[in-house]
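Have a look at the structure below before the remarks.
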Amino acid sequence: MSGSEDSFTRRVARFARVSAGLTGVAARGAGRRLAGTNVISAANAADLTKVLGNLRGPVMKVAQFIATVPGILPPEVAAPLLTLQTNAPAMGAAFVRRRMASELGADWEKKFKSFDREAAAAASLGQVHRAVAKDGRLLACKLQYPDMGAAVDADVGQLKGWLALQRGVDPTIDTREFGHEVSARLIEELDYVLEAAHMRLYAIMLKDRDDIVVPEPVPALSTKRLLTMTWLEGKPILEFENADLKTRNTASTALFKAWWRPFARYGAIHGDPHLGNYAVRKDGGINLLDYGCVRTFTPAFVEGVVGLYRALQSGDDALAAKSYRAWGFAKVTPDMVGVLNMWAKFIFNPLLDDRVRVVDDGVPAAEYGMKQANEVHAKLKTIGGIRPPREFVFMDRAAIGLGGALIRLGARLNFHKLFEEEIADFDVDALAKRQRAAFKDAGVPLPQ
């Protein structure tokens with residue numbers, strides 16, 4: 001069988017596995033409809049969450065993304081998908097042996113002092129193993145699951161098909177750019193050489209933050225499908241939901257800075273801020289553990305985000321319109337500015353409010369953002385719809401994800417002051433200079 005035929009076969013097999021799971025959910029939904037309840041309901045969302053969580057690969061990330069698009073899903077359906085994390089069991093010793101031999105050679109075990117063949121953690125695209133280097137350093141080895149390229153092709157294909165169907169039913173939000181963006185980022189996630197470069201970039205961008213620790217990649221023990229890095233000790237962030245307020249605020253401050261400092265000063269964001277990507281250290285700081293989904297932006301885009309924040313502060317619709325154009329929105333009209341400002345005010349509200357507060361400020365965590373998203377969708381319909389640019393996709397997803405993490409921790413902070421610290425001396429030319437130097441040193445391509 002040729003390579004192209006083999007790839008096609010894998011894509012078809014992936015499509016069948018995903019479709020079988022979704023068909024089961026649809027059948028149960030139909031049964032509920034016959035019983036007099038809604039097909040699209042919280043109960044059906046629970047089924048969908050369970051099915052997707054047990055499918056390795058990007059389909060889980062695709063489902064999370066769909067849940068952030070305003071108006072596509074009811075709040076009670078979207079909320080469980082936003083918290084979706086993989087439940088798939090790790091692959092066994094045979095896979096580990098084959099993958100390691102394929103990447104490092106038949107004598108791969110001799111390159112470590114020790115290697116634990118039982119996975120320490122399993123995620124959607126790969127699993128992590130503990131190891132000890134020849135020099136005694138503790139290591140984490142991330143092994144990519146087999147056939148992930150075919151899985152990305154198949155899952156993204158289904159996403160684009162689903163979005164096309166959605167546009168046929170409700171063209172209010174033209175989602176064509178969404179499919180392109182998700183596809184590009186997922187393909188990048190399969191490249192562990194690029195992820196190692198992102199890791200180096202974050203070490204540069206956060207070098208002056210003692211409360212944020214970035215692992216160090218080990219190039220001699222890494223390939224495109226195997227990423228070896230230093231092991232960082234810490235506890236899952238969810239274990240701190242009931243910790244004392246000081247501890248939760250310390251971790252939340254580090255989390256906030258880990259997201260906004262790279263963006264405001266270098267034009268980079270962590271585009272997949274789910275709670276499994278962080279661990280809390282003994283000193284209250286955090287470890288950043290995953291760099292597969294890093295989105296980079298031009299200095300002009302960052303300037304547009306900062307400009308929009310200032311426009312919302314002052315009520316300057318002309319500056320807001322200029323900022324939306326910098327984001328990539330086309331044909332920005334006064335009516336469009338009014339509707340987009342509704343969503344922007346929700347995203348920026350904790351940053352605009354100069355007081356100590358929680359992020360959701362009285363809004364039930366399960367509904368965070370959903371009510372506002374659906375109101376925006378309704379308003380967009382009245383002005384003839386909109387086509388959001390690619391740059392909007394992960395900026396929006398990541399901002400909602402960060403807010404959700406801070407809500408889970410119950411942080412009570414002055415987010416306005418924390419944000420102002422990052423943009424107080426904002427200068428687009430200085431950002432461009434910093435970005436060029438840092439990206440070059442890390443080996444990360446400059447955004448186009």
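Within each chain, counting starts at residue 1; across the structure tokens, chains are named A, B, ... in the order shown, with ligands numbered 1 upward in that order.
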Query raised in the report: Got a sec to tell me which of stretch 88-126 of chain A DSSP assigns to alpha helix (DSSP H), as a list in words?
Result: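 Here are the alpha helix (DSSP H) residues of stretch 88-126 of chain A: Ala93, Ala94, Phe95, Val96, Arg97, Arg98, Arg99, Met100, Ala101, Ser102, Glu103 and Leu104 of chain A.
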Give me a file of those residues, with all heavy atoms, as a compact mmCIF listing (two decimals), in the first residue's frame.
```
# COMPACT_ATOMS: atom_id res chain seq x y z
N ALA A 93 2.77 -0.48 26.81
CA ALA A 93 4.22 -0.61 26.69
C ALA A 93 4.66 -0.87 25.25
O ALA A 93 5.73 -0.41 24.84
CB ALA A 93 4.71 -1.73 27.59
N ALA A 94 3.86 -1.60 24.49
CA ALA A 94 4.25 -1.90 23.11
C ALA A 94 4.36 -0.61 22.29
O ALA A 94 5.31 -0.44 21.51
CB ALA A 94 3.24 -2.85 22.48
N PHE A 95 3.38 0.29 22.46
CA PHE A 95 3.44 1.58 21.76
C PHE A 95 4.67 2.37 22.21
O PHE A 95 5.38 2.94 21.37
CB PHE A 95 2.18 2.40 22.03
CG PHE A 95 2.37 3.89 21.82
CD1 PHE A 95 2.49 4.40 20.54
CD2 PHE A 95 2.47 4.75 22.91
CE1 PHE A 95 2.69 5.77 20.35
CE2 PHE A 95 2.66 6.11 22.72
CZ PHE A 95 2.77 6.62 21.44
N VAL A 96 4.92 2.41 23.50
CA VAL A 96 6.05 3.17 24.03
C VAL A 96 7.36 2.65 23.44
O VAL A 96 8.21 3.43 22.98
CB VAL A 96 6.08 3.08 25.57
CG1 VAL A 96 7.33 3.78 26.12
CG2 VAL A 96 4.82 3.70 26.16
N ARG A 97 7.51 1.35 23.43
CA ARG A 97 8.74 0.75 22.89
C ARG A 97 8.92 1.08 21.41
O ARG A 97 10.00 1.47 20.97
CB ARG A 97 8.70 -0.77 23.10
CG ARG A 97 9.96 -1.50 22.67
CD ARG A 97 9.90 -2.98 23.03
NE ARG A 97 8.79 -3.66 22.35
CZ ARG A 97 7.67 -4.06 22.95
NH1 ARG A 97 7.48 -3.84 24.25
NH2 ARG A 97 6.72 -4.67 22.27
N ARG A 98 7.85 0.97 20.63
CA ARG A 98 7.94 1.25 19.19
C ARG A 98 8.23 2.73 18.93
O ARG A 98 9.07 3.06 18.10
CB ARG A 98 6.64 0.86 18.49
CG ARG A 98 6.43 -0.64 18.34
CD ARG A 98 5.30 -0.92 17.35
NE ARG A 98 4.05 -0.28 17.74
CZ ARG A 98 3.13 -0.85 18.51
NH1 ARG A 98 3.32 -2.08 18.98
NH2 ARG A 98 2.01 -0.22 18.81
N ARG A 99 7.51 3.60 19.64
CA ARG A 99 7.70 5.03 19.40
C ARG A 99 9.11 5.47 19.78
O ARG A 99 9.77 6.19 19.03
CB ARG A 99 6.67 5.84 20.19
CG ARG A 99 6.90 7.35 20.22
CD ARG A 99 6.79 7.98 18.82
NE ARG A 99 5.43 8.17 18.42
CZ ARG A 99 4.95 7.84 17.22
NH1 ARG A 99 5.72 7.30 16.32
NH2 ARG A 99 3.68 8.05 16.92
N MET A 100 9.59 5.04 20.94
CA MET A 100 10.92 5.45 21.38
C MET A 100 12.00 4.92 20.45
O MET A 100 12.98 5.62 20.12
CB MET A 100 11.17 4.99 22.81
CG MET A 100 10.29 5.67 23.85
SD MET A 100 10.49 7.48 23.91
CE MET A 100 12.17 7.60 24.55
N ALA A 101 11.87 3.67 19.99
CA ALA A 101 12.85 3.09 19.07
C ALA A 101 12.81 3.81 17.73
O ALA A 101 13.86 4.05 17.10
CB ALA A 101 12.58 1.60 18.88
N SER A 102 11.62 4.17 17.29
CA SER A 102 11.47 4.88 16.03
C SER A 102 12.13 6.26 16.08
O SER A 102 12.73 6.70 15.10
CB SER A 102 9.99 5.03 15.69
OG SER A 102 9.79 5.82 14.55
N GLU A 103 12.03 6.92 17.23
CA GLU A 103 12.53 8.29 17.34
C GLU A 103 14.00 8.37 17.73
O GLU A 103 14.72 9.25 17.26
CB GLU A 103 11.67 9.08 18.35
CG GLU A 103 10.19 9.10 18.04
CD GLU A 103 9.89 9.59 16.63
OE1 GLU A 103 10.45 10.64 16.24
OE2 GLU A 103 9.11 8.93 15.92
N LEU A 104 14.46 7.48 18.62
CA LEU A 104 15.83 7.58 19.14
C LEU A 104 16.71 6.40 18.78
O LEU A 104 17.89 6.38 19.16
CB LEU A 104 15.80 7.75 20.67
CG LEU A 104 15.13 9.02 21.21
CD1 LEU A 104 15.21 9.04 22.74
CD2 LEU A 104 15.77 10.28 20.62
```
Rows by chain and residue number, stretch 99-134 of chain A within 10 Å of stretch 147-155 of chain A, shortest pair, only C-alpha atoms, as a Markdown table:
```
| residue | atom | partner | partner_atom | distance |
| --- | --- | --- | --- | --- |
| A:Ser124 | CA | A:Met148 | CA | 9.8 |
| A:Leu125 | CA | A:Met148 | CA | 6.9 |
| A:Gly126 | CA | A:Met148 | CA | 9.0 |
```
Query raised in the report: Which of these, A:Gly384, A:Gly315, A:Pro447, A:Pro334, has the shortest distance to A:Leu352 once you count only C-alpha atoms?
Result: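 Of A:Gly384, A:Gly315, A:Pro447, A:Pro334, the one nearest A:Leu352 is A:Gly315, counting only C-alpha atoms.
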Requested in this report: If you run DSSP over the backbone, which residues in stretch 240-294 of chain A end up strand (DSSP E or B)? Put them as an NGL selection string.
Outcome: :A and (268-270 or 278-280 or 286-288 or 294)
Report task. Mind checking which residues fall within 7 Å of stretch 271-284 of chain A, counting only C-alpha atoms, ignoring those fewer than 5 positions away in the same chain, and posting them as a list in words? Result -> Glu233, Gly234, Lys235, Pro236, Ile237, Thr247, Thr250, Ala251, Leu289, Asp290, Cys293, Val294, Arg295, Phe394, Ala398, Gly401, Leu402 and Ala405 of chain A
Keeping only C-alpha atoms, take the residues you just selected and write them out as a short mmCIF file (atom, residue, chain, number, x, y, z; two decimals), in the first residue's frame.
```cif
data_model
loop_
_atom_site.label_atom_id
_atom_site.label_comp_id
_atom_site.auth_asym_id
_atom_site.auth_seq_id
_atom_site.Cartn_x
_atom_site.Cartn_y
_atom_site.Cartn_z
CA GLU A 233 7.27 19.25 40.28
CA GLY A 234 3.86 20.64 41.11
CA LYS A 235 0.27 19.78 41.96
CA PRO A 236 -2.78 20.04 39.66
CA ILE A 237 -4.37 23.44 39.84
CA THR A 247 -2.58 30.83 47.98
CA THR A 250 -0.74 33.97 44.30
CA ALA A 251 -1.29 31.23 41.74
CA LEU A 289 3.56 22.55 31.05
CA ASP A 290 2.40 22.59 27.42
CA CYS A 293 -0.92 25.67 20.91
CA VAL A 294 0.91 28.99 20.91
CA ARG A 295 -0.53 31.72 18.68
CA PHE A 394 -7.76 31.80 19.49
CA ALA A 398 -7.82 31.80 25.14
CA GLY A 401 -10.24 29.88 28.95
CA LEU A 402 -8.11 32.12 31.15
CA ALA A 405 -9.36 29.12 35.14
#
```
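Residue nearest A:Val128 within the list A:Tyr145, A:Trp327, A:Tyr266, A:Tyr202: A:Tyr145 [criterion: smallest interatomic distance, only C-alpha atoms].
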